file work13.tsv (TSV, C-alpha atoms)
chain	number	residue	atom	x	y	z
A	1327	MET	CA	63.44	-11.03	32.48
A	1328	ALA	CA	61.96	-14.16	33.88
A	1329	TRP	CA	58.35	-14.07	35.18
A	1330	ASN	CA	57.35	-16.16	38.13
A	1331	TRP	CA	53.89	-17.67	38.44
A	1332	ASN	CA	52.65	-15.18	41.05
A	1333	GLU	CA	53.57	-12.21	38.87
A	1334	ILE	CA	51.77	-13.77	35.88
A	1335	GLN	CA	48.60	-14.29	37.92
A	1336	THR	CA	48.64	-10.68	39.15
A	1337	VAL	CA	48.96	-9.27	35.62
A	1338	LEU	CA	46.15	-11.52	34.32
A	1339	LYS	CA	43.79	-10.40	37.09
A	1340	GLU	CA	44.50	-6.71	36.38
A	1341	GLU	CA	43.92	-7.13	32.65
A	1342	THR	CA	40.75	-9.17	33.17
A	1343	PHE	CA	39.31	-6.55	35.56
A	1344	LYS	CA	40.19	-3.76	33.13
A	1345	THR	CA	38.48	-5.56	30.23
A	1346	TRP	CA	35.37	-6.32	32.30
A	1347	ARG	CA	35.09	-2.70	33.51
A	1348	GLU	CA	35.45	-1.29	29.99
A	1349	ARG	CA	32.86	-3.69	28.63
A	1350	THR	CA	30.43	-2.79	31.40
A	1351	ASN	CA	30.83	0.91	30.65
A	1352	GLU	CA	30.19	0.26	26.97
A	1353	LEU	CA	26.98	-1.64	27.75
A	1354	ILE	CA	25.75	1.12	30.06
A	1355	GLU	CA	26.41	3.72	27.38
A	1356	GLN	CA	24.58	1.65	24.75
A	1357	GLN	CA	21.61	1.20	27.06
A	1358	ASN	CA	21.43	4.93	27.76
A	1359	ASN	CA	21.58	5.70	24.06
A	1360	PHE	CA	18.84	3.12	23.34
A	1361	VAL	CA	16.54	4.52	26.00
A	1362	SER	CA	16.99	8.07	24.67
A	1363	TRP	CA	16.39	6.91	21.10
A	1364	GLN	CA	13.34	4.87	22.10
A	1365	ALA	CA	11.86	7.78	24.02
A	1366	ALA	CA	12.35	10.09	21.06
A	1367	ILE	CA	10.69	7.65	18.68
A	1368	ASP	CA	7.77	6.94	21.01
A	1369	SER	CA	7.07	10.60	21.72
A	1370	ARG	CA	7.26	11.45	18.03
A	1371	TRP	CA	4.78	8.79	16.98
A	1372	TYR	CA	2.36	9.02	19.88
A	1373	VAL	CA	-0.09	11.94	19.80
A	1374	THR	CA	-2.32	12.68	22.77
A	1375	ASP	CA	-5.76	14.20	22.39
A	1376	THR	CA	-5.90	17.73	23.77
A	1377	SER	CA	-9.53	18.34	22.85
A	1378	SER	CA	-12.84	17.38	24.41
A	1379	SER	CA	-14.55	17.24	21.01
A	1380	THR	CA	-16.24	14.25	19.40
A	1381	THR	CA	-15.47	15.37	15.83
A	1382	THR	CA	-12.80	18.11	15.89
A	1383	TYR	CA	-9.74	16.59	17.52
A	1384	THR	CA	-6.46	18.29	18.36
A	1385	GLY	CA	-3.16	16.74	19.38
A	1386	VAL	CA	0.44	17.49	20.32
A	1387	THR	CA	3.57	15.96	18.80
A	1388	SER	CA	7.01	15.87	20.34
A	1389	PRO	CA	8.79	18.00	19.38
A	1390	GLY	CA	5.73	20.19	18.97
A	1391	ALA	CA	4.78	21.38	15.49
A	1392	THR	CA	4.54	25.08	14.71
A	1393	GLY	CA	2.46	27.03	12.25
A	1394	THR	CA	5.30	26.84	9.72
A	1395	ASP	CA	5.68	23.04	9.90
A	1396	SER	CA	3.70	20.98	7.39
A	1397	LEU	CA	2.81	17.34	7.18
A	1398	VAL	CA	4.63	15.10	4.74
A	1399	ALA	CA	3.01	12.18	2.93
A	1400	GLY	CA	3.85	8.97	4.78
A	1401	TYR	CA	3.98	10.59	8.24
A	1402	PHE	CA	2.62	8.04	10.74
A	1403	ILE	CA	1.22	8.58	14.22
A	1404	VAL	CA	-0.63	6.66	16.91
A	1405	PHE	CA	-3.53	8.74	18.20
A	1406	ARG	CA	-5.49	8.09	21.40
A	1407	PRO	CA	-8.81	9.98	21.31
A	1408	ALA	CA	-10.22	11.18	24.61
A	1409	THR	CA	-13.78	10.57	23.44
A	1410	ASN	CA	-15.49	8.42	20.82
A	1411	ASN	CA	-16.31	10.23	17.59
A	1412	THR	CA	-19.91	10.84	16.59
A	1413	GLY	CA	-19.33	11.11	12.84
A	1414	ALA	CA	-16.95	12.62	10.27
A	1415	SER	CA	-13.87	13.92	12.13
A	1416	THR	CA	-10.69	15.98	11.77
A	1417	LEU	CA	-7.35	16.09	13.57
A	1418	ASN	CA	-5.19	19.18	14.00
A	1419	ILE	CA	-1.65	18.65	15.34
A	1420	ALA	CA	-0.79	22.37	15.16
A	1421	SER	CA	0.96	22.12	11.81
A	1422	SER	CA	0.39	24.57	8.97
A	1423	ASP	CA	-2.11	22.07	7.53
A	1424	GLY	CA	-4.63	22.87	10.26
A	1425	ALA	CA	-7.55	20.52	10.77
A	1426	VAL	CA	-7.10	17.53	8.43
A	1427	ASP	CA	-9.94	15.11	7.66
A	1428	ILE	CA	-9.60	11.62	9.09
A	1429	LYS	CA	-10.74	9.06	6.50
A	1430	LYS	CA	-10.89	5.29	6.18
A	1431	ILE	CA	-10.92	2.95	3.20
A	1432	ALA	CA	-14.25	1.30	2.38
A	1433	SER	CA	-14.94	-0.61	-0.84
A	1434	GLY	CA	-11.68	0.70	-2.30
A	1435	ALA	CA	-12.42	4.39	-1.69
A	1436	LYS	CA	-11.72	6.98	1.01
A	1437	VAL	CA	-14.80	7.76	3.07
A	1438	ALA	CA	-15.51	9.79	6.19
A	1439	LEU	CA	-15.46	8.08	9.56
A	1440	ALA	CA	-18.67	6.65	10.96
A	1441	ALA	CA	-19.71	7.10	14.58
A	1442	ASP	CA	-17.47	5.23	17.05
A	1443	ASP	CA	-14.72	4.49	14.49
A	1444	LEU	CA	-12.51	6.41	16.94
A	1445	ASP	CA	-12.73	4.68	20.30
A	1446	SER	CA	-11.42	6.23	23.50
A	1447	ASP	CA	-10.44	2.74	24.66
A	1448	ASN	CA	-8.33	2.07	21.58
A	1449	TYR	CA	-5.42	3.56	19.63
A	1450	ALA	CA	-5.96	4.86	16.09
A	1451	GLU	CA	-3.15	4.24	13.60
A	1452	LEU	CA	-3.11	7.25	11.25
A	1453	ILE	CA	-0.96	7.91	8.21
A	1454	PHE	CA	-0.98	11.14	6.20
A	1455	ASP	CA	-1.44	10.47	2.48
A	1456	GLY	CA	-0.71	14.02	1.38
A	1457	THR	CA	-4.34	15.12	1.75
A	1458	ASP	CA	-6.02	13.26	4.60
A	1459	TRP	CA	-5.24	11.20	7.66
A	1460	LEU	CA	-5.99	7.58	6.76
A	1461	MET	CA	-7.08	5.36	9.64
A	1462	MET	CA	-5.26	2.07	9.07
A	1463	ASN	CA	-7.12	0.10	11.73
A	1464	ALA	CA	-10.67	1.33	11.19
A	1465	PRO	CA	-13.34	-1.11	12.42
A	1466	ILE	CA	-14.92	-3.42	9.87
A	1467	ASP	CA	-18.64	-2.78	9.32
A	1468	ALA	CA	-20.48	-4.82	11.93
A	1469	LEU	CA	-23.51	-7.01	11.31
A	1470	PRO	CA	-26.92	-5.48	12.06
A	1471	THR	CA	-28.30	-6.29	15.51
A	1472	GLN	CA	-28.86	-10.04	15.73
A	1473	SER	CA	-31.21	-10.06	18.71
A	1474	GLY	CA	-34.78	-10.79	17.62
A	1475	ASN	CA	-33.76	-11.80	14.10
A	1476	ALA	CA	-33.50	-15.58	14.41
A	1477	GLY	CA	-34.04	-17.43	11.14
A	1478	LYS	CA	-33.64	-14.34	8.95
A	1479	PHE	CA	-31.06	-13.84	6.22
A	1480	LEU	CA	-28.62	-10.98	5.63
A	1481	THR	CA	-29.28	-8.70	2.68
A	1482	THR	CA	-28.14	-5.27	1.49
A	1483	ASP	CA	-29.48	-2.39	-0.58
A	1484	ALA	CA	-25.90	-1.70	-1.75
A	1485	SER	CA	-25.25	0.68	1.13
A	1486	THR	CA	-26.79	-0.74	4.31
A	1487	ALA	CA	-26.97	-4.33	5.53
A	1488	SER	CA	-30.17	-5.58	7.13
A	1489	TRP	CA	-32.02	-8.76	8.08
A	1490	ALA	CA	-34.90	-10.04	5.94
A	1491	THR	CA	-37.42	-12.86	6.25
A	1492	VAL	CA	-37.61	-15.74	3.78
A	1493	ASP	CA	-41.17	-16.22	2.51
A	1494	ALA	CA	-42.37	-19.40	4.20
A	1495	LEU	CA	-44.16	-22.20	2.32
A	1496	PRO	CA	-47.91	-22.50	2.83
A	1497	ALA	CA	-48.96	-25.22	5.27
A	1498	GLN	CA	-48.00	-28.60	3.83
A	1499	SER	CA	-50.36	-30.77	5.87
A	1500	GLY	CA	-53.19	-32.14	3.69
A	1501	ASN	CA	-51.60	-31.01	0.45
A	1502	ALA	CA	-49.82	-34.16	-0.69
A	1503	GLY	CA	-49.30	-34.35	-4.45
A	1504	LYS	CA	-50.09	-30.69	-5.04
A	1505	TYR	CA	-47.79	-28.13	-6.62
A	1506	LEU	CA	-46.73	-24.68	-5.43
A	1507	THR	CA	-48.07	-21.68	-7.30
A	1508	THR	CA	-48.42	-17.93	-6.75
A	1509	ASP	CA	-50.68	-15.08	-7.78
A	1510	ALA	CA	-47.65	-12.73	-7.69
A	1511	SER	CA	-48.23	-11.87	-4.05
A	1512	THR	CA	-49.24	-15.03	-2.14
A	1513	ALA	CA	-47.98	-18.60	-2.53
A	1514	SER	CA	-50.46	-21.47	-2.36
A	1515	TRP	CA	-50.88	-25.14	-3.22
A	1516	ALA	CA	-52.82	-26.20	-6.32
A	1517	THR	CA	-53.90	-29.51	-7.79
A	1518	LEU	CA	-52.46	-30.57	-11.10
A	1519	ASP	CA	-55.31	-31.41	-13.50
A	1520	THR	CA	-54.48	-34.88	-14.76
A	1521	ASP	CA	-58.05	-35.49	-15.99
A	1522	ALA	CA	-58.05	-32.97	-18.82
A	1523	ASN	CA	-59.79	-34.20	-21.99
A	1524	LYS	CA	-58.67	-31.54	-24.41
A	1525	THR	CA	-55.46	-30.05	-25.72
A	1526	THR	CA	-54.47	-26.93	-27.61
A	1527	LYS	CA	-52.17	-29.12	-29.73
A	1528	GLY	CA	-53.29	-30.61	-33.01
A	1529	LEU	CA	-52.37	-34.19	-32.09
A	1530	TYR	CA	-52.13	-36.62	-29.21
A	1531	GLU	CA	-49.07	-38.86	-29.29
A	1532	HIS	CA	-48.25	-42.11	-27.48
A	1533	GLU	CA	-45.72	-44.92	-27.81
A	1534	HIS	CA	-46.68	-47.83	-30.07
A	1535	THR	CA	-45.02	-50.40	-27.81
A	1536	ILE	CA	-46.36	-51.41	-24.41
A	1537	ASP	CA	-43.33	-52.44	-22.31
A	1538	ALA	CA	-44.96	-52.58	-18.87
A	1539	ASP	CA	-48.01	-54.22	-17.39
A	1540	TYR	CA	-51.09	-52.03	-17.65
A	1541	SER	CA	-54.55	-52.38	-16.14
A	1542	ILE	CA	-57.46	-50.32	-17.38
A	1543	ALA	CA	-59.36	-48.92	-14.42
A	1544	SER	CA	-62.62	-50.63	-13.66
A	1545	GLY	CA	-65.53	-48.79	-15.29
A	1546	SER	CA	-63.26	-47.11	-17.82
A	1547	ASN	CA	-62.50	-47.66	-21.47
A	1548	ALA	CA	-59.21	-47.08	-23.29
A	1549	MET	CA	-58.21	-46.14	-26.83
A	1550	SER	CA	-54.92	-46.41	-28.70
A	1551	ALA	CA	-53.78	-45.57	-32.22
A	1552	GLY	CA	-52.51	-48.75	-33.80
A	1553	PRO	CA	-50.65	-50.74	-34.58
A	1554	ILE	CA	-49.74	-51.58	-30.98
A	1555	THR	CA	-47.14	-54.13	-29.87
A	1556	ILE	CA	-47.13	-55.67	-26.40
A	1557	ASP	CA	-43.60	-56.72	-25.47
A	1558	SER	CA	-43.01	-60.28	-24.34
A	1559	GLY	CA	-43.64	-60.82	-20.67
A	1560	TYR	CA	-46.08	-57.92	-20.30
A	1561	SER	CA	-49.86	-57.72	-20.48
A	1562	VAL	CA	-52.80	-55.34	-20.64
A	1563	THR	CA	-55.66	-56.18	-18.26
A	1564	ILE	CA	-59.17	-55.22	-19.36
A	1565	PRO	CA	-61.70	-55.59	-16.54
A	1566	THR	CA	-65.21	-56.91	-17.14
A	1567	GLY	CA	-67.41	-54.25	-18.69
A	1568	SER	CA	-64.47	-52.23	-20.02
A	1569	THR	CA	-63.24	-51.91	-23.61
A	1570	TRP	CA	-59.89	-51.23	-25.24
A	1571	VAL	CA	-60.24	-49.88	-28.76
A	1572	ILE	CA	-57.28	-49.75	-31.18
A	1573	VAL	CA	-57.97	-47.52	-34.18

call {"tool": "encode", "arguments": {"input": "work13.tsv", "output": "structure tokens"}}
result
Amino acid sequence: MAWNWNEIQTVLKEETFKTWRERTNELIEQQNNFVSWQAAIDSRWYVTDTSSSTTTYTGVTSPGATGTDSLVAGYFIVFRPATNNTGASTLNIASSDGAVDIKKIASGAKVALAADDLDSDNYAELIFDGTDWLMMNAPIDALPTQSGNAGKFLTTDASTASWATVDALPAQSGNAGKYLTTDASTASWATLDTDANKTTKGLYEHEHTIDADYSIASGSNAMSAGPITIDSGYSVTIPTGSTWVIV
């Protein structure tokens, strides 16, 4: 049978419409399935706070747990507390486990929550490790209050951080050439005694070659243990009334 052009166009339009309609129905069905699946996942993970406590929290899962249901290690939930916690806390989602401690990891170990680790304005990510709820997004320990602590340094006693003051130097004005010393409680400046005329050693030693110009102070004498050599180009100046003795 021979087809004319009008008949061909009619058939093509019918087939195209049929394909488009089937594809649209498929997409609608997929979308409906996705929405149902997404809702199921969201309601399973998200747990609302049904308590008014600041330490003993309760929540509801969907589908709701019963007294015969128990938590399994690896079970993950997102929990929105109604109030900030005031210290160590528990969460009971109506499973056979009852109230389970909420812990966080600090210095490589599980520890109880500190006040305000659970924030009513934030979502807590909790995973059951077989014993406790572990808070995966617990706040990092904050710095101590900075107001009023300008110029101080941060220190710790191995458990609590705090600000401390660096011992300041004594006043430097008028103390040029002095050295810093302490009596084990207070720092102070002291003068180095360069005029000492005795030693606890058995001998005095000095170089036997003079390789720089030297002038004996006026009104003073000097003594050296010889022999002494004065390098070329250098001199020793002995003022009138002074003596240099080489023994």

call {"tool": "atom_distance", "arguments": {"input": "work13.tsv", "atom1": "CA of Gly1413 in chain A", "atom2": "CA of Asn1475 in chain A"}}
result
27.1 Å

call {"tool": "atom_distance", "arguments": {"input": "work13.tsv", "atom1": "CA of Asp1493 in chain A", "atom2": "CA of Phe1479 in chain A"}}
result
11.0 Å

call {"tool": "closest_residue", "arguments": {"input": "work13.tsv", "among": "A:Ser1544, A:Ser1514, A:Thr1569, A:Thr1471", "to": "Gln1498 in chain A", "atoms": "all atoms listed in the file"}}
result
A:Ser1514

call {"tool": "closest_residue", "arguments": {"input": "work13.tsv", "among": "A:Asn1418, A:Gln1472, A:Ser1485, A:Thr1374", "to": "Ser1446 in chain A", "atoms": "all atoms listed in the file"}}
result
A:Thr1374

call {"tool": "atom_distance", "arguments": {"input": "work13.tsv", "atom1": "CA of Tyr1372 in chain A", "atom2": "CA of Thr1387 in chain A"}}
result
7.1 Å

call {"tool": "residues_near_point", "arguments": {"input": "work13.tsv", "point": "(-5.3, 7.7, 14.7)", "cutoff": "9 Å", "atoms": "all atoms listed in the file", "output": "PyMOL selection string"}}
result
chain A and resi 1373+1402-1407+1417+1428+1444+1449-1453+1459-1463

call {"tool": "write_last_selection", "arguments": {"input": "work13.tsv", "atoms": "C-alpha atoms", "output": "PDB file, in the frame of the given file"}}
result
ATOM      1  CA  VAL A1373      -0.090  11.940  19.800  1.00  0.00           C
ATOM      2  CA  PHE A1402       2.620   8.040  10.740  1.00  0.00           C
ATOM      3  CA  ILE A1403       1.220   8.580  14.220  1.00  0.00           C
ATOM      4  CA  VAL A1404      -0.630   6.660  16.910  1.00  0.00           C
ATOM      5  CA  PHE A1405      -3.530   8.740  18.200  1.00  0.00           C
ATOM      6  CA  ARG A1406      -5.490   8.090  21.400  1.00  0.00           C
ATOM      7  CA  PRO A1407      -8.810   9.980  21.310  1.00  0.00           C
ATOM      8  CA  LEU A1417      -7.350  16.090  13.570  1.00  0.00           C
ATOM      9  CA  ILE A1428      -9.600  11.620   9.090  1.00  0.00           C
ATOM     10  CA  LEU A1444     -12.510   6.410  16.940  1.00  0.00           C
ATOM     11  CA  TYR A1449      -5.420   3.560  19.630  1.00  0.00           C
ATOM     12  CA  ALA A1450      -5.960   4.860  16.090  1.00  0.00           C
ATOM     13  CA  GLU A1451      -3.150   4.240  13.600  1.00  0.00           C
ATOM     14  CA  LEU A1452      -3.110   7.250  11.250  1.00  0.00           C
ATOM     15  CA  ILE A1453      -0.960   7.910   8.210  1.00  0.00           C
ATOM     16  CA  TRP A1459      -5.240  11.200   7.660  1.00  0.00           C
ATOM     17  CA  LEU A1460      -5.990   7.580   6.760  1.00  0.00           C
ATOM     18  CA  MET A1461      -7.080   5.360   9.640  1.00  0.00           C
ATOM     19  CA  MET A1462      -5.260   2.070   9.070  1.00  0.00           C
ATOM     20  CA  ASN A1463      -7.120   0.100  11.730  1.00  0.00           C
TER      21      ASN A1463
END

call {"tool": "closest_residue", "arguments": {"input": "work13.tsv", "among": "A:Thr1376, A:Thr1382, A:Ser1433, A:Ser1511", "to": "Thr1412 in chain A", "atoms": "all atoms listed in the file"}}
result
A:Thr1382

call {"tool": "residues_around", "arguments": {"input": "work13.tsv", "residues": "Thr1416 in chain A", "least_positions_apart": "6", "cutoff": "8 Å", "atoms": "all atoms listed in the file", "output": "PyMOL selection string"}}
result
chain A and resi 1381-1383+1425-1428

call {"tool": "write_last_selection", "arguments": {"input": "work13.tsv", "atoms": "C-alpha atoms", "output": "short mmCIF file (atom, residue, chain, number, x, y, z; two decimals), keeping the file's coordinate frame"}}
result
data_model
loop_
_atom_site.label_atom_id
_atom_site.label_comp_id
_atom_site.auth_asym_id
_atom_site.auth_seq_id
_atom_site.Cartn_x
_atom_site.Cartn_y
_atom_site.Cartn_z
CA THR A 1381 -15.47 15.37 15.83
CA THR A 1382 -12.80 18.11 15.89
CA TYR A 1383 -9.74 16.59 17.52
CA ALA A 1425 -7.55 20.52 10.77
CA VAL A 1426 -7.10 17.53 8.43
CA ASP A 1427 -9.94 15.11 7.66
CA ILE A 1428 -9.60 11.62 9.09
#
